[in-house]
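J.: Before we start, here is the structure in question, set down as C-alpha cells.
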Amino acid sequence: MAASPHTLSSRLLTGWVGGCIWHLEGRAIQESPHKFIHLFRNVNKQWITFQHFNFLKRMYVTQLNRSLNQQVKPKPEPVASPFLEKTSSGQTKLEIYEMKPLSSPSLPLSRKPNEKEFMELESASIIEGSLDVGKEKKGEKQWKEMKLQVADLPGILARLSKIKLTALVVSTTAAGFAVAPGPFDWPCFLLASVGTGLASCAANSINQFFEVPFDSNMNRTKNRPLVRGQISPLLAVSFATCCAVPGVALLTWGVNPLTGALGVFNIFLYTCCYTPLKRISIANTWVGAVVGAIPPVMGWTAATGSLDAGAFLLGGILYSWQFPHFNALSWGLREDYSRGGYCMMSVTHPALCRRVALRHCLALGALSAAAPLLHVTTWTFPLVALPLNLYIAYLGFRFYADADRASSRRLFFCSLWHLPLLLLLMLTCKRGSAPPPAHGAGHARAAGQGAAALEPETDVAGFSTRW
C-alpha cells in the first residue's frame, strides 16, 4: 500500500518537528479541493463560461506572437521564382522574388488560427519584403553632382540675366533714342543698345546673387539657376562683372559720358538700393519705377547728349506705366511674396496698391497730352493714344473697385501691349527737326526767340556723332 506524503515526511522527521510537519500537510490536503473549486468561480461566484476560455485563448495567442516578434531570423537570400517572365530586350523584365513566411511554432491542430494572427503574419512579411526592396534600391537613389555642360551654358546665363526683362529695357532705350530730335546715327544707336543691354544683364545677375535664399521660397523664382545650383555664385558674379565693365565702357567712351554715368547709376540703384529695400519697405516699388524710367532717358541722352524736357517726359511715361504693370502682377503673387519675405504693397497695403495703380493709369493720359506741349510729338499723338489710355484707365478702375485676381490679370496683360503701342505711336507722331538756320540778323533774332532749344540739340547731336 502506498504511503501518503505526510506519512513519509513524518517518518523522516520525528519528534516535535515531525509532528508539526504532519499537521500542516494534513491541513493542506483537506483545503485543496476547496481551492480548486474556487479557481473556477469568478468574483460573483458564478461558474466559468465560454467567454473566459476565449479570453484565455487570446492571451495565449498574444504571448505567442510576442515571442515570434522577438525572434531573430536571418535574412534569406533572394531566390528567383519559377514565375520569372522573360520579355524582349525593348521591354522591362519583371522579377518576382519568393517571399518566405515567418515560421510559427507548432500550434495544436484542433485550434484554428484567427483573423488577427493572419494579419500580423502578413504585415511582418510585407515589412520584410519592403526592407529587401529598399536595400536593393539604395544604390540607385544617391546624390549626384550636377555638372555644367557647355551646351547648357547660354540658356543658363540667359535666365540668370533675365533675358526678357533685358529685352524690354533695350527696347525702351531704343525708343528713347528714336524719339529724340536730330538725325538717326546707326553706330551710336547700336553702341547704346548693346551697352544698355550689358548693364541690364549685370544688374539682373547681381540681383539674383543676392536673393538666392529668398527666391528658393517662392514658386515663381525657385527654378532660377542659382537656386537650383546649376552654376556657382562665383560664376554668376564673374558673369555680372564681365557684362558691367564692357557695358559701361561702351556707354561712356562709345556714346557719351552722360549716358555712361546714367548706366552706372542705374546699376547701383537696382543692386544696392532696390534689391535690399524689397525686404524692408514698400518704398522699393517707387525706387524700382525710377530704375525702369532711366533706360529711355539713356536713349535720349545717347542721341542728344543732354537732359531735356523730352527725356524727362519719356522717363515719366515709363515711371507711371510700371505701377499698373507691377502692382497688378504682384496682386496675383501675394502668397508667393509673403512666403519669400518681401515687403510689397499688395501684401502689406492692398488698398494703397490699387489706388496707386489707378492714379498712374490716369497719369499716362496726362503725360501723353503733355508730349506736344514739350515739342516732342505733334498734336496727333494725344488724340490717337486716347483710346489706349482710356482703356487702361478703365481696367485700373476695375482693379481698384473689384480687388480680385481676374481684374488684376486683365490690367497686367493690358500693360504688356499698351507700352509698345504707345511708344510706337509716339515715334510715328514725332515732331520733325527744325530747318537749318539761315544767315542774317533777323533770322538770328528769330532763332533766339523761337527755336533756341533746337540749335543746341542739333549741335550736341553732331557732337554725339563724333563720339
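Residues are referred to by chain and number: the chain letter is A, B, ... according to the order shown in the C-alpha cells, the number counts from 1 in that chain, and ligands are numbered separately from 1 in the order shown.
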Excluding range 356-363 of chain A and residues on its chain fewer than 6 positions from it, collect all residues at most 8 Å away from it, counting only C-alpha atoms, and give them as a list in words.

T.: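 The neighbour list is Ser320, Trp321, Phe323, Pro324, Asn327, Ala328, Asn389, Ile392, Ala393, Gly396, Phe397, Phe399 and Tyr400 of chain A.
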
J.: Per residue of range 415-435 of chain A within 12 Å of range 295-314 of chain A, what are the shortest atom pair and its distance in Å to one decimal, counting only C-alpha atoms, with rows by chain and residue number, as a tab-separated table?

T.:
```
residue	atom	partner	partner_atom	distance
A:Leu419	CA	A:Leu314	CA	11.4
A:Leu422	CA	A:Leu314	CA	10.9
A:Leu423	CA	A:Leu314	CA	9.1
A:Met426	CA	A:Leu314	CA	10.0
A:Leu427	CA	A:Leu314	CA	11.6
A:Lys430	CA	A:Gly310	CA	11.2
A:Arg431	CA	A:Gly310	CA	11.4
```

J.: Save the residues we just selected, C-alpha atoms, as a compact mmCIF listing (two decimals), in the first residue's frame?

T.:
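Listed below is the output, selection-v1.txt:
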```txt
# COMPACT_ATOMS: atom_id res chain seq x y z
CA LEU A 419 3.55 100.37 -73.66
CA LEU A 422 2.18 103.95 -77.00
CA LEU A 423 5.89 104.25 -77.86
CA MET A 426 4.91 108.48 -80.22
CA LEU A 427 7.54 107.57 -82.80
CA LYS A 430 7.42 112.56 -83.71
CA ARG A 431 7.93 116.25 -84.46
```

J.: Which residue is closest to Leu421 in chain A? Choose from A:Gly288, A:Ala175, A:Gly340, A:Asp185 and count only C-alpha atoms.

T.: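 Checking each candidate against Leu421 in chain A, we get A:Ala175 as the closest.
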
J.: Select, from A:Leu160, A:Ala293, A:Val245, A:Val170, the residue with the minimum atom-to-atom distance to Pro233 in chain A, counting only C-alpha atoms.

T.: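 Using only C-alpha atoms, Pro233 in chain A sits closest to A:Leu160.
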